[in-house]
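Undergrad: Just one file: final.tsv, with TSV, C-alpha atoms.
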chain	number	residue	atom	x	y	z
A	1	MET	CA	113.83	-43.45	174.98
A	2	THR	CA	112.69	-41.94	171.69
A	3	ASP	CA	111.95	-42.97	168.14
A	4	GLN	CA	113.24	-39.64	166.83
A	5	PRO	CA	116.85	-38.94	165.81
A	6	THR	CA	118.92	-37.96	168.81
A	7	HIS	CA	121.09	-34.88	168.28
A	8	ILE	CA	124.23	-33.70	170.01
A	9	GLU	CA	125.93	-30.33	170.01
A	10	ASP	CA	128.21	-29.30	167.13
A	11	GLY	CA	131.79	-30.33	167.70
A	12	GLN	CA	130.89	-33.10	170.11
A	13	THR	CA	131.01	-36.84	169.60
A	14	ARG	CA	129.46	-39.84	171.32
A	15	PRO	CA	131.62	-41.40	174.06
A	16	ASP	CA	134.05	-44.00	172.69
A	17	SER	CA	133.13	-43.16	169.07
A	18	GLU	CA	136.47	-41.64	168.02
A	19	GLY	CA	138.13	-43.67	165.29
A	20	ALA	CA	134.88	-45.45	164.40
A	21	PHE	CA	133.82	-45.69	160.78
A	22	LEU	CA	130.18	-46.38	161.65
A	23	CYS	CA	128.05	-45.50	164.65
A	24	ALA	CA	124.39	-46.38	164.25
A	25	ARG	CA	121.41	-46.72	166.55
A	26	PHE	CA	118.82	-49.44	165.96
A	27	ALA	CA	115.57	-48.23	167.51
A	28	GLY	CA	111.89	-49.05	167.87
A	29	GLY	CA	110.14	-52.41	167.98
A	30	ARG	CA	112.43	-55.26	168.97
A	31	PHE	CA	115.38	-52.94	169.63
A	32	ASN	CA	113.68	-51.45	172.68
A	33	ALA	CA	115.00	-54.53	174.49
A	34	HIS	CA	118.47	-52.93	174.08
A	35	ALA	CA	119.72	-55.77	171.89
A	36	ILE	CA	119.93	-56.60	168.19
A	37	PRO	CA	118.21	-59.82	167.04
A	38	PHE	CA	120.46	-62.09	165.01
A	39	ASP	CA	118.17	-61.93	161.98
A	40	VAL	CA	118.93	-58.20	161.67
A	41	LEU	CA	122.72	-58.65	161.49
A	42	PRO	CA	122.67	-59.25	157.70
A	43	ASP	CA	121.61	-55.61	157.35
A	44	LEU	CA	125.08	-54.58	158.56
A	45	ALA	CA	126.72	-56.68	155.85
A	46	ALA	CA	124.25	-55.23	153.34
A	47	TYR	CA	125.28	-51.72	154.42
A	48	ARG	CA	128.92	-52.53	153.66
A	49	SER	CA	127.94	-53.92	150.24
A	50	LEU	CA	125.94	-50.76	149.53
A	51	LEU	CA	128.90	-48.54	150.38
A	52	ILE	CA	131.17	-50.61	148.15
A	53	GLU	CA	128.90	-50.09	145.13
A	54	VAL	CA	128.62	-46.37	145.81
A	55	ALA	CA	132.39	-46.10	146.27
A	56	LYS	CA	132.95	-47.88	142.95
A	57	MET	CA	130.69	-45.37	141.23
A	58	LEU	CA	132.51	-42.42	142.82
A	59	PHE	CA	135.93	-43.83	141.92
A	60	LYS	CA	134.97	-44.39	138.29
A	61	ARG	CA	133.53	-40.90	138.00
A	62	ARG	CA	136.69	-39.41	139.47
A	63	HIS	CA	138.91	-41.30	137.02
A	64	ASN	CA	137.29	-40.42	133.71
A	65	ASN	CA	134.54	-43.04	133.95
A	66	ARG	CA	136.99	-45.95	133.85
A	67	VAL	CA	135.41	-49.36	133.46
A	68	ARG	CA	136.93	-51.09	136.48
A	69	VAL	CA	138.21	-50.18	139.91
A	70	PRO	CA	141.74	-51.22	140.92
A	71	LYS	CA	142.44	-54.76	142.01
A	72	GLY	CA	141.86	-55.12	145.73
A	73	PHE	CA	139.58	-52.08	145.89
A	74	GLU	CA	136.69	-53.98	147.46
A	75	ASP	CA	138.91	-56.05	149.76
A	76	SER	CA	140.48	-52.88	151.10
A	77	PHE	CA	137.16	-51.99	152.72
A	78	GLN	CA	136.50	-54.24	155.68
A	79	ILE	CA	134.31	-53.26	158.64
A	80	GLY	CA	134.28	-55.04	161.99
A	81	LEU	CA	131.62	-54.79	164.67
A	82	ALA	CA	133.58	-53.37	167.59
A	83	ARG	CA	130.81	-52.74	170.09
A	84	VAL	CA	127.07	-53.09	170.75
A	85	GLU	CA	125.65	-50.98	173.55
A	86	GLY	CA	122.26	-50.68	175.20
A	87	GLY	CA	120.82	-47.66	176.94
A	88	GLN	CA	118.95	-46.06	174.07
A	89	SER	CA	117.72	-49.00	172.06
A	90	ALA	CA	120.86	-50.62	170.59
A	91	VAL	CA	123.92	-48.71	169.37
A	92	VAL	CA	126.54	-50.40	167.19
A	93	THR	CA	130.05	-49.18	166.47
A	94	GLY	CA	131.95	-50.42	163.44
A	95	VAL	CA	135.63	-49.86	162.66
A	96	ARG	CA	137.75	-50.23	159.54
A	97	LEU	CA	139.80	-53.42	159.45
A	98	PRO	CA	142.77	-54.28	157.24
A	99	PRO	CA	142.11	-56.97	154.64
A	100	HIS	CA	143.25	-60.50	155.36
A	101	GLN	CA	146.94	-60.91	154.57
A	102	THR	CA	148.22	-64.29	153.35
A	103	ALA	CA	151.71	-63.19	152.32
A	104	PRO	CA	154.56	-64.47	154.54
A	105	GLN	CA	155.82	-60.94	155.07
A	106	GLY	CA	152.62	-60.13	156.98
A	107	ASP	CA	150.44	-57.04	156.86
A	108	LEU	CA	151.82	-54.59	154.31
A	109	GLY	CA	148.99	-52.16	154.83
A	110	PHE	CA	146.24	-51.32	152.33
A	111	PRO	CA	145.26	-48.31	150.24
A	112	ALA	CA	142.98	-46.02	152.20
A	113	TYR	CA	140.67	-45.16	149.32
A	114	GLU	CA	138.84	-42.01	150.31
A	115	GLU	CA	135.82	-43.04	148.23
A	116	PHE	CA	134.50	-45.26	151.02
A	117	GLN	CA	134.25	-42.37	153.47
A	118	GLU	CA	132.65	-40.32	150.69
A	119	ALA	CA	130.24	-43.17	149.96
A	120	LYS	CA	129.04	-43.08	153.55
A	121	ALA	CA	128.39	-39.34	153.25
A	122	TYR	CA	126.67	-39.88	149.89
A	123	VAL	CA	124.26	-42.46	151.36
A	124	ASP	CA	123.52	-40.30	154.40
A	125	ASP	CA	122.81	-37.28	152.19
A	126	LEU	CA	120.55	-39.28	149.87
A	127	ILE	CA	118.49	-40.61	152.76
A	128	ARG	CA	118.27	-37.15	154.31
A	129	ARG	CA	117.02	-35.65	151.02
A	130	VAL	CA	114.40	-38.37	150.53
A	131	GLN	CA	113.21	-37.92	154.10
A	132	ALA	CA	112.95	-34.13	153.66
A	133	THR	CA	111.26	-34.02	150.25
A	134	GLY	CA	109.57	-37.40	149.94
A	135	GLU	CA	111.27	-37.84	146.56
A	136	VAL	CA	114.47	-39.39	145.24
A	137	PRO	CA	116.74	-36.89	143.46
A	138	THR	CA	116.60	-37.08	139.66
A	139	ASP	CA	120.37	-37.52	139.45
A	140	PHE	CA	120.33	-40.70	141.57
A	141	PRO	CA	121.91	-43.49	139.43
A	142	PRO	CA	119.40	-46.22	138.49
A	143	GLU	CA	121.97	-48.97	139.04
A	144	LEU	CA	122.24	-48.10	142.74
A	145	ALA	CA	118.54	-48.48	143.54
A	146	GLY	CA	118.70	-52.25	143.80
A	147	CYS	CA	121.66	-52.01	146.20
A	148	PHE	CA	119.27	-50.60	148.82
A	149	ASN	CA	117.07	-53.72	148.60
A	150	PRO	CA	118.99	-55.86	151.13
A	151	PHE	CA	119.87	-52.94	153.40
A	152	GLY	CA	117.04	-52.67	155.93
A	153	GLN	CA	115.17	-55.68	154.58
A	154	ASN	CA	114.95	-57.20	158.05
A	155	LEU	CA	113.52	-54.10	159.69
A	156	GLN	CA	109.90	-54.17	160.77
A	157	PRO	CA	107.58	-51.20	160.09
A	158	ASP	CA	108.02	-49.77	163.60
A	159	GLU	CA	111.83	-49.98	163.52
A	160	PHE	CA	114.57	-47.81	162.04
A	161	ILE	CA	118.32	-47.32	161.86
A	162	GLU	CA	119.80	-43.97	162.84
A	163	LEU	CA	123.02	-43.57	160.83
A	164	GLY	CA	125.64	-41.12	162.01
A	165	TYR	CA	124.53	-41.41	165.61
A	166	ASP	CA	127.90	-39.97	166.67
A	167	THR	CA	127.35	-36.75	164.70
A	168	PRO	CA	125.20	-33.64	165.26
A	169	LYS	CA	123.03	-34.59	162.27
A	170	PRO	CA	122.07	-38.27	162.37
A	171	VAL	CA	119.85	-39.56	159.60
A	172	ARG	CA	116.91	-41.94	159.97
A	173	TYR	CA	116.58	-44.92	157.62
A	174	ASP	CA	113.41	-47.04	157.80
A	175	THR	CA	111.27	-49.33	155.66
A	176	LEU	CA	109.46	-46.42	153.99
A	177	ILE	CA	112.68	-44.66	152.94
A	178	ARG	CA	114.07	-47.95	151.63
A	179	LYS	CA	110.93	-48.58	149.60
A	180	GLN	CA	110.98	-45.07	148.12
A	181	ILE	CA	114.59	-45.38	147.02
A	182	VAL	CA	114.26	-48.82	145.45
A	183	LEU	CA	110.95	-48.11	143.69
A	184	SER	CA	112.28	-44.84	142.29
A	185	ARG	CA	114.17	-46.91	139.71
A	186	GLU	CA	112.63	-50.39	139.98
A	187	LYS	CA	109.10	-51.73	139.46
A	188	THR	CA	109.28	-54.01	142.50
A	189	TYR	CA	111.20	-54.21	145.74
A	190	GLU	CA	112.03	-57.04	148.11
A	191	ASN	CA	110.33	-57.26	151.47
A	192	ALA	CA	109.52	-59.80	154.14
A	193	VAL	CA	106.85	-62.46	153.60
A	194	ASN	CA	105.08	-63.84	156.66
A	195	ALA	CA	101.58	-64.96	155.71
A	196	VAL	CA	99.29	-67.97	155.44
A	197	PHE	CA	98.82	-69.66	152.06
A	198	THR	CA	97.08	-72.81	150.82
A	199	LEU	CA	99.19	-75.55	149.22
A	200	ASN	CA	97.97	-76.28	145.71
A	201	GLY	CA	100.11	-79.01	144.20
A	202	GLY	CA	103.10	-78.28	142.01
A	203	VAL	CA	105.29	-79.40	139.11
A	204	SER	CA	107.37	-82.45	139.98
A	205	ASP	CA	109.87	-82.14	137.13
A	206	ALA	CA	110.77	-78.58	138.17
A	207	GLY	CA	110.41	-79.16	141.92
A	208	THR	CA	108.03	-76.20	142.06
A	209	VAL	CA	105.24	-75.84	144.63
A	210	HIS	CA	102.01	-73.94	143.93
A	211	VAL	CA	100.28	-71.97	146.71
A	212	LEU	CA	97.19	-69.76	146.80
A	213	ASP	CA	96.80	-66.62	148.87
A	214	ASP	CA	93.52	-65.59	150.47
A	215	THR	CA	92.37	-63.94	147.22
A	216	GLY	CA	92.95	-67.11	145.21
A	217	THR	CA	96.03	-65.72	143.44
A	218	ARG	CA	98.58	-68.42	142.71
A	219	PHE	CA	102.29	-68.15	143.47
A	220	ASP	CA	105.08	-70.62	142.77
A	221	PHE	CA	108.36	-71.27	144.56
A	222	ARG	CA	111.00	-73.96	144.84
A	223	PRO	CA	111.60	-75.43	148.33
A	224	LEU	CA	115.19	-75.81	149.51
A	225	SER	CA	115.23	-79.60	149.21
A	226	GLU	CA	113.51	-82.48	147.46
A	227	PHE	CA	112.22	-83.66	150.82
A	228	GLU	CA	110.50	-80.33	151.45
A	229	PHE	CA	109.04	-80.40	147.95
A	230	GLN	CA	107.55	-83.87	148.44
A	231	LYS	CA	106.18	-82.90	151.83
A	232	ALA	CA	104.46	-79.82	150.40
A	233	TYR	CA	103.34	-81.55	147.20
A	234	ALA	CA	101.59	-84.30	149.17
A	235	ARG	CA	99.62	-81.85	151.32
A	236	THR	CA	97.38	-80.18	148.77
A	237	THR	CA	94.71	-77.92	150.37
A	238	LYS	CA	96.73	-77.66	153.63
A	239	ARG	CA	97.06	-74.19	155.13
A	240	VAL	CA	100.70	-73.31	155.83
A	241	ARG	CA	102.68	-70.23	156.76
A	242	LEU	CA	105.40	-69.00	154.39
A	243	ILE	CA	108.24	-66.97	155.87
A	244	GLY	CA	110.98	-65.35	153.83
A	245	THR	CA	111.30	-62.78	151.06
A	246	GLY	CA	109.02	-61.71	148.23
A	247	LEU	CA	108.80	-59.07	145.52
A	248	TYR	CA	106.19	-56.34	146.08
A	249	ASP	CA	104.98	-53.52	143.87
A	250	LYS	CA	104.28	-49.90	144.80
A	251	SER	CA	100.81	-50.88	146.04
A	252	GLU	CA	102.30	-53.42	148.46
A	253	ARG	CA	100.91	-56.30	146.41
A	254	LEU	CA	102.96	-59.47	146.44
A	255	ARG	CA	104.16	-60.22	142.91
A	256	ARG	CA	106.53	-63.12	143.41
A	257	LEU	CA	107.94	-65.37	146.13
A	258	VAL	CA	111.72	-65.13	146.12
A	259	ASP	CA	113.01	-67.25	148.99
A	260	VAL	CA	110.60	-68.70	151.53
A	261	SER	CA	110.39	-71.51	154.06
A	262	ILE	CA	107.25	-73.48	154.95
A	263	VAL	CA	105.98	-73.64	158.51
A	264	TYR	CA	103.45	-76.41	159.13
A	265	ASN	CA	102.98	-75.92	162.86
A	266	ASP	CA	99.66	-74.03	162.58
A	267	ASP	CA	97.81	-76.98	161.04
A	268	GLU	CA	100.06	-79.96	161.75
A	269	PRO	CA	100.63	-80.43	165.46
A	270	ARG	CA	103.44	-82.77	166.40
A	271	GLN	CA	102.43	-86.42	166.66
A	272	PRO	CA	103.62	-89.05	169.15
A	273	PHE	CA	105.80	-90.58	166.40
A	274	ASP	CA	107.60	-87.24	166.06
A	275	GLU	CA	108.72	-87.55	169.67
A	276	ARG	CA	109.89	-91.12	169.07
A	277	LEU	CA	111.90	-90.07	165.99
A	278	ASP	CA	113.45	-87.22	167.93
A	279	GLU	CA	114.54	-89.78	170.52
A	280	ILE	CA	115.99	-92.06	167.81
A	281	ALA	CA	117.86	-89.13	166.28
A	282	ARG	CA	119.73	-88.67	169.57
A	283	ALA	CA	121.19	-92.20	169.45
A	284	GLU	CA	124.98	-92.07	169.23
A	285	GLU	CA	127.50	-94.06	167.24
A	286	GLY	CA	127.98	-97.52	168.71
A	287	TRP	CA	124.49	-97.74	170.19
A	288	TYR	CA	124.13	-101.31	168.83
A	289	GLU	CA	127.71	-102.54	168.80
A	290	PRO	CA	131.12	-100.84	168.76
A	291	GLY	CA	131.58	-98.87	165.54
A	292	ASN	CA	128.05	-99.04	164.17
A	293	PRO	CA	126.84	-95.65	162.85
A	294	ALA	CA	124.31	-93.40	164.50
A	295	PRO	CA	120.95	-92.97	162.75
A	296	THR	CA	121.40	-90.52	159.89
A	297	HIS	CA	119.51	-87.24	159.73
A	298	ALA	CA	118.37	-88.14	156.20
A	299	ALA	CA	116.84	-91.43	157.37
A	300	VAL	CA	115.10	-89.84	160.38
A	301	GLU	CA	113.49	-87.09	158.31
A	302	ALA	CA	112.56	-89.45	155.47
A	303	MET	CA	110.85	-91.75	157.98
A	304	ARG	CA	109.09	-88.75	159.55
A	305	ASN	CA	107.69	-87.83	156.15
A	306	PHE	CA	106.75	-91.42	155.34
A	307	VAL	CA	104.94	-92.03	158.64
A	308	ARG	CA	103.05	-88.74	158.26
A	309	LEU	CA	101.86	-89.91	154.86
A	310	ALA	CA	100.97	-93.34	156.24
A	311	VAL	CA	99.12	-92.10	159.34
A	312	LEU	CA	97.62	-88.76	158.32
A	313	GLU	CA	96.79	-89.48	154.69
A	314	VAL	CA	96.51	-93.25	154.22
A	315	GLY	CA	94.94	-93.86	157.63
A	316	ALA	CA	97.39	-96.42	158.98
A	317	HIS	CA	97.90	-96.62	162.70
A	318	ALA	CA	101.24	-95.44	164.01
A	319	PRO	CA	104.01	-98.07	163.74
A	320	TYR	CA	106.66	-99.06	166.23
A	321	LEU	CA	109.81	-97.17	165.25
A	322	TYR	CA	113.43	-98.13	165.93
A	323	PRO	CA	116.94	-97.45	164.62
A	324	LEU	CA	118.73	-99.93	162.37
A	325	PRO	CA	122.40	-100.87	162.87
A	326	ASP	CA	123.34	-99.53	159.41
A	327	GLY	CA	122.11	-95.99	160.20
A	328	GLY	CA	118.65	-96.42	158.73
A	329	ILE	CA	115.28	-96.43	160.47
A	330	GLY	CA	112.73	-99.24	160.76
A	331	ALA	CA	108.96	-99.26	161.27
A	332	GLU	CA	106.77	-102.24	162.18
A	333	TRP	CA	103.01	-102.91	162.22
A	334	THR	CA	100.90	-105.85	163.35
A	335	ILE	CA	97.62	-106.08	161.39
A	336	GLY	CA	95.73	-109.23	162.31
A	337	THR	CA	97.93	-112.12	161.17
A	338	TRP	CA	100.15	-109.81	159.11
A	339	GLU	CA	103.53	-108.62	160.38
A	340	ALA	CA	104.65	-105.66	158.25
A	341	SER	CA	107.80	-103.56	158.18
A	342	ALA	CA	109.11	-100.51	156.34
A	343	ASN	CA	112.86	-99.82	156.43
A	344	ILE	CA	114.31	-96.48	155.37
A	345	ALA	CA	117.82	-96.61	153.89
A	346	PRO	CA	120.59	-94.59	155.63
A	347	ASP	CA	120.63	-92.05	152.79
A	348	GLY	CA	116.85	-91.63	153.12
A	349	SER	CA	116.28	-92.40	149.44
A	350	THR	CA	114.26	-95.62	149.60
A	351	VAL	CA	111.73	-97.39	151.79
A	352	SER	CA	111.63	-101.20	151.65
A	353	LEU	CA	108.23	-102.70	152.45
A	354	HIS	CA	107.91	-106.31	153.60
A	355	ALA	CA	104.90	-108.11	155.06
A	356	ILE	CA	104.27	-111.75	155.93
A	357	ASN	CA	101.03	-113.43	156.91
A	358	THR	CA	101.91	-115.70	159.81
A	359	GLY	CA	98.88	-117.88	159.08
A	360	SER	CA	99.14	-118.46	155.32
A	361	MET	CA	102.86	-117.51	155.00
A	362	LYS	CA	101.92	-115.21	152.12
A	363	GLU	CA	104.48	-112.47	151.57
A	364	LEU	CA	104.37	-108.99	150.06
A	365	ARG	CA	107.42	-106.94	149.05
A	366	ASP	CA	107.86	-103.55	147.50
A	367	GLU	CA	110.56	-100.89	147.31
A	368	LEU	CA	109.59	-97.25	146.93
A	369	LYS	CA	111.51	-94.05	146.37
A	370	THR	CA	110.88	-91.69	149.27
A	371	ASP	CA	110.75	-88.77	146.83
A	372	ALA	CA	108.20	-90.48	144.55
A	373	ILE	CA	105.16	-88.38	143.71
A	374	ASP	CA	102.88	-91.38	144.25
A	375	LEU	CA	104.48	-92.52	147.50
A	376	ALA	CA	101.23	-92.22	149.49
A	377	ALA	CA	99.23	-93.96	146.76
A	378	ARG	CA	101.72	-96.83	146.48
A	379	PHE	CA	101.75	-97.41	150.23
A	380	SER	CA	97.96	-97.16	150.33
A	381	MET	CA	97.69	-100.09	147.89
A	382	SER	CA	99.86	-102.26	150.15
A	383	TRP	CA	97.98	-101.16	153.26
A	384	ASP	CA	94.66	-102.03	151.63
A	385	VAL	CA	95.88	-105.59	151.04
A	386	LEU	CA	96.91	-105.99	154.67
A	387	THR	CA	93.69	-104.57	156.12
A	388	THR	CA	91.34	-106.53	153.88
A	389	ASP	CA	93.10	-109.85	154.49
A	390	THR	CA	93.86	-109.73	158.19
A	391	GLY	CA	93.27	-113.39	158.82
A	392	ASP	CA	91.27	-112.84	162.00
A	393	GLY	CA	89.30	-109.79	160.92
A	394	ASP	CA	91.07	-107.41	163.31
A	395	ALA	CA	92.57	-104.67	161.18
A	396	GLY	CA	93.61	-102.49	164.07
A	397	SER	CA	95.36	-104.87	166.45
Would you write the structure of this file as structure tokens?
TA:
Amino acid sequence: MTDQPTHIEDGQTRPDSEGAFLCARFAGGRFNAHAIPFDVLPDLAAYRSLLIEVAKMLFKRRHNNRVRVPKGFEDSFQIGLARVEGGQSAVVTGVRLPPHQTAPQGDLGFPAYEEFQEAKAYVDDLIRRVQATGEVPTDFPPELAGCFNPFGQNLQPDEFIELGYDTPKPVRYDTLIRKQIVLSREKTYENAVNAVFTLNGGVSDAGTVHVLDDTGTRFDFRPLSEFEFQKAYARTTKRVRLIGTGLYDKSERLRRLVDVSIVYNDDEPRQPFDERLDEIARAEEGWYEPGNPAPTHAAVEAMRNFVRLAVLEVGAHAPYLYPLPDGGIGAEWTIGTWEASANIAPDGSTVSLHAINTGSMKELRDELKTDAIDLAARFSMSWDVLTTDTGDGDAGS
């Protein structure tokens, strides 16, 4: 096994490569296991998109710089993954496919635009020239630089793609080549983010979370859902790991977070109530009576967030958790002579608080939005009432 391009003699081809449009070897790092991780597969789709943009440029140049390509030009170029082989890292073979036909007369064929084959040669030649000289040719069109951003974005520094593996002159494409091409015409390029940051509040109206890196530099991003925003917003000063994509400059400094997910596992180990909620989530339709709905995912996750706030931030002891017949989730506490409950609606949007003192028959009621900024503070006020008026002085029973 080698991390250098593998050559074959002139006039020869790889076994089973005849008729293939693409033959590429993924090597180094994870590919030494002779398989391709699923998170690398988008690079194959990105390669097709890159060739489409190059082919469009070539077609327009060939036809007096026309503004548009013919209708169906892009759809005429479809690539299918025909084979993945081990042996020397992981070798993929891609073939041209006809576009999807919806007409009743069936497949009428499609124009075999030669620009797509030329686009493949153009990309190979560009990569080869950058690898040989360390520079991007001056005639490289600025509008194509960004098209290289997604292609190879999932490669790690010790990995590369060997394009043209079925030819005597394969070409190596790695993270360094990708960076050189993109930054030749752009000020920043996209690359993977996988680092620890400190949560630092946010802007509720915009749903934006603030985080600080280890140098104290602040970055903003928008989580994928309101639930994730509330969870992050309520955990100011918590250390979390962000995984996704960011914009970097030529000095490898992170300039902006583009699309990231938050991982809390490093500082927030699972709690016993997480296991109970996982168990509740597995309840099936009809668990209570024929036809009643199963607990909804929205209710389970909203209760998980609420109980984390109650236990880890307010200081309440863990409640007894159970599913409700309407698809919601219920929580119950006994605090001295108080019996308290918190019910999450099936859509996960509200939590209804109710408590009754079995000695004095005093009642407390409140309804909170689960996405409220002051959710922890509002629950804390109710919890303070229950723990300072327990009836028998036992706040933890």
Undergrad: Using all atoms listed in the file, which of A:Asp166, A:Asp158, A:Glu284, A:Asp249 sits nearest A:Lys179?
TA: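 Between A:Asp166, A:Asp158, A:Glu284, A:Asp249, the residue approaching A:Lys179 most closely is A:Asp249.
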Undergrad: Work out how far apart atom CA of A:Phe219 and atom CA of A:Asp174 are and give it in Å to one decimal.
TA: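 Interatomic distance, atom CA of A:Phe219 to atom CA of A:Asp174: 27.8 Å.
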Undergrad: Kindly give the distance, in Å, that separates atom CA of A:Ala24 and atom CA of A:Val130, rounded to a single decimal.
TA: 18.8 Å
Undergrad: Pick out the residues sitting within 8 Å of A:Arg178, and hand them over as a PyMOL selection string; count only C-alpha atoms, and ignore anything fewer than 4 positions along from it in its own chain.
TA: chain A and resi 148-149+151-152+173-174+182
Undergrad: Dump as CSV the rows for residues of stretch 210-241 of chain A within 12 Å of stretch 372-388 of chain A: closest atom pair and distance in Å with one decimal, all atoms listed in the file counted, ordered by chain and rising residue number.
TA:
residue,atom,partner,partner_atom,distance
A:Glu226,CA,A:Ala372,CA,10.0
A:Phe227,CA,A:Ala372,CA,10.1
A:Phe229,CA,A:Ile373,CA,9.8
A:Gln230,CA,A:Ile373,CA,7.0
A:Lys231,CA,A:Ile373,CA,9.8
A:Ala232,CA,A:Ile373,CA,10.9
A:Tyr233,CA,A:Ile373,CA,7.9
A:Ala234,CA,A:Ile373,CA,7.7
A:Arg235,CA,A:Ala376,CA,10.7
Undergrad: Between atom CA of A:Lys250 and atom CA of A:Asn191, what is the distance in Å, rounded to a tenth?
TA: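 Between atom CA of A:Lys250 and atom CA of A:Asn191 the gap works out to 11.6 Å.
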Undergrad: Quick one: stretch 367-385 of chain A with N, CA and C atoms, as a PDB file, keeping the file's coordinate frame?
TA:
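Saved file part.pdb follows:
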ATOM      1  N   GLU A 367     109.543-101.899 146.993  1.00  0.00           N
ATOM      2  CA  GLU A 367     110.560-100.890 147.310  1.00  0.00           C
ATOM      3  C   GLU A 367     110.163 -99.586 146.627  1.00  0.00           C
ATOM      4  N   LEU A 368     110.078 -98.531 147.427  1.00  0.00           N
ATOM      5  CA  LEU A 368     109.590 -97.250 146.930  1.00  0.00           C
ATOM      6  C   LEU A 368     110.660 -96.177 147.116  1.00  0.00           C
ATOM      7  N   LYS A 369     110.660 -95.227 146.219  1.00  0.00           N
ATOM      8  CA  LYS A 369     111.510 -94.050 146.370  1.00  0.00           C
ATOM      9  C   LYS A 369     110.805 -93.070 147.319  1.00  0.00           C
ATOM     10  N   THR A 370     111.518 -92.596 148.309  1.00  0.00           N
ATOM     11  CA  THR A 370     110.880 -91.690 149.270  1.00  0.00           C
ATOM     12  C   THR A 370     110.497 -90.359 148.639  1.00  0.00           C
ATOM     13  N   ASP A 371     111.113 -90.014 147.491  1.00  0.00           N
ATOM     14  CA  ASP A 371     110.750 -88.770 146.830  1.00  0.00           C
ATOM     15  C   ASP A 371     109.758 -88.975 145.692  1.00  0.00           C
ATOM     16  N   ALA A 372     109.170 -90.193 145.617  1.00  0.00           N
ATOM     17  CA  ALA A 372     108.200 -90.480 144.550  1.00  0.00           C
ATOM     18  C   ALA A 372     106.922 -89.665 144.754  1.00  0.00           C
ATOM     19  N   ILE A 373     106.394 -89.162 143.655  1.00  0.00           N
ATOM     20  CA  ILE A 373     105.160 -88.380 143.710  1.00  0.00           C
ATOM     21  C   ILE A 373     104.009 -89.217 144.237  1.00  0.00           C
ATOM     22  N   ASP A 374     104.003 -90.509 143.871  1.00  0.00           N
ATOM     23  CA  ASP A 374     102.880 -91.380 144.250  1.00  0.00           C
ATOM     24  C   ASP A 374     103.202 -92.225 145.472  1.00  0.00           C
ATOM     25  N   LEU A 375     104.082 -91.730 146.335  1.00  0.00           N
ATOM     26  CA  LEU A 375     104.480 -92.520 147.500  1.00  0.00           C
ATOM     27  C   LEU A 375     103.275 -92.890 148.358  1.00  0.00           C
ATOM     28  N   ALA A 376     102.404 -91.931 148.661  1.00  0.00           N
ATOM     29  CA  ALA A 376     101.230 -92.220 149.490  1.00  0.00           C
ATOM     30  C   ALA A 376     100.308 -93.214 148.800  1.00  0.00           C
ATOM     31  N   ALA A 377     100.125 -93.055 147.494  1.00  0.00           N
ATOM     32  CA  ALA A 377      99.230 -93.960 146.760  1.00  0.00           C
ATOM     33  C   ALA A 377      99.791 -95.381 146.730  1.00  0.00           C
ATOM     34  N   ARG A 378     101.106 -95.503 146.531  1.00  0.00           N
ATOM     35  CA  ARG A 378     101.720 -96.830 146.480  1.00  0.00           C
ATOM     36  C   ARG A 378     101.613 -97.527 147.837  1.00  0.00           C
ATOM     37  N   PHE A 379     101.864 -96.796 148.916  1.00  0.00           N
ATOM     38  CA  PHE A 379     101.750 -97.410 150.230  1.00  0.00           C
ATOM     39  C   PHE A 379     100.293 -97.752 150.536  1.00  0.00           C
ATOM     40  N   SER A 380      99.386 -96.910 150.099  1.00  0.00           N
ATOM     41  CA  SER A 380      97.960 -97.160 150.330  1.00  0.00           C
ATOM     42  C   SER A 380      97.520 -98.484 149.712  1.00  0.00           C
ATOM     43  N   MET A 381      98.034 -98.810 148.540  1.00  0.00           N
ATOM     44  CA  MET A 381      97.690-100.090 147.890  1.00  0.00           C
ATOM     45  C   MET A 381      98.150-101.265 148.747  1.00  0.00           C
ATOM     46  N   SER A 382      99.360-101.177 149.290  1.00  0.00           N
ATOM     47  CA  SER A 382      99.860-102.260 150.150  1.00  0.00           C
ATOM     48  C   SER A 382      99.051-102.339 151.439  1.00  0.00           C
ATOM     49  N   TRP A 383      98.735-101.181 152.012  1.00  0.00           N
ATOM     50  CA  TRP A 383      97.980-101.160 153.260  1.00  0.00           C
ATOM     51  C   TRP A 383      96.575-101.743 153.063  1.00  0.00           C
ATOM     52  N   ASP A 384      95.989-101.475 151.928  1.00  0.00           N
ATOM     53  CA  ASP A 384      94.660-102.030 151.630  1.00  0.00           C
ATOM     54  C   ASP A 384      94.686-103.551 151.618  1.00  0.00           C
ATOM     55  N   VAL A 385      95.761-104.131 151.068  1.00  0.00           N
ATOM     56  CA  VAL A 385      95.880-105.590 151.040  1.00  0.00           C
ATOM     57  C   VAL A 385      95.952-106.140 152.459  1.00  0.00           C
TER      58      VAL A 385
END
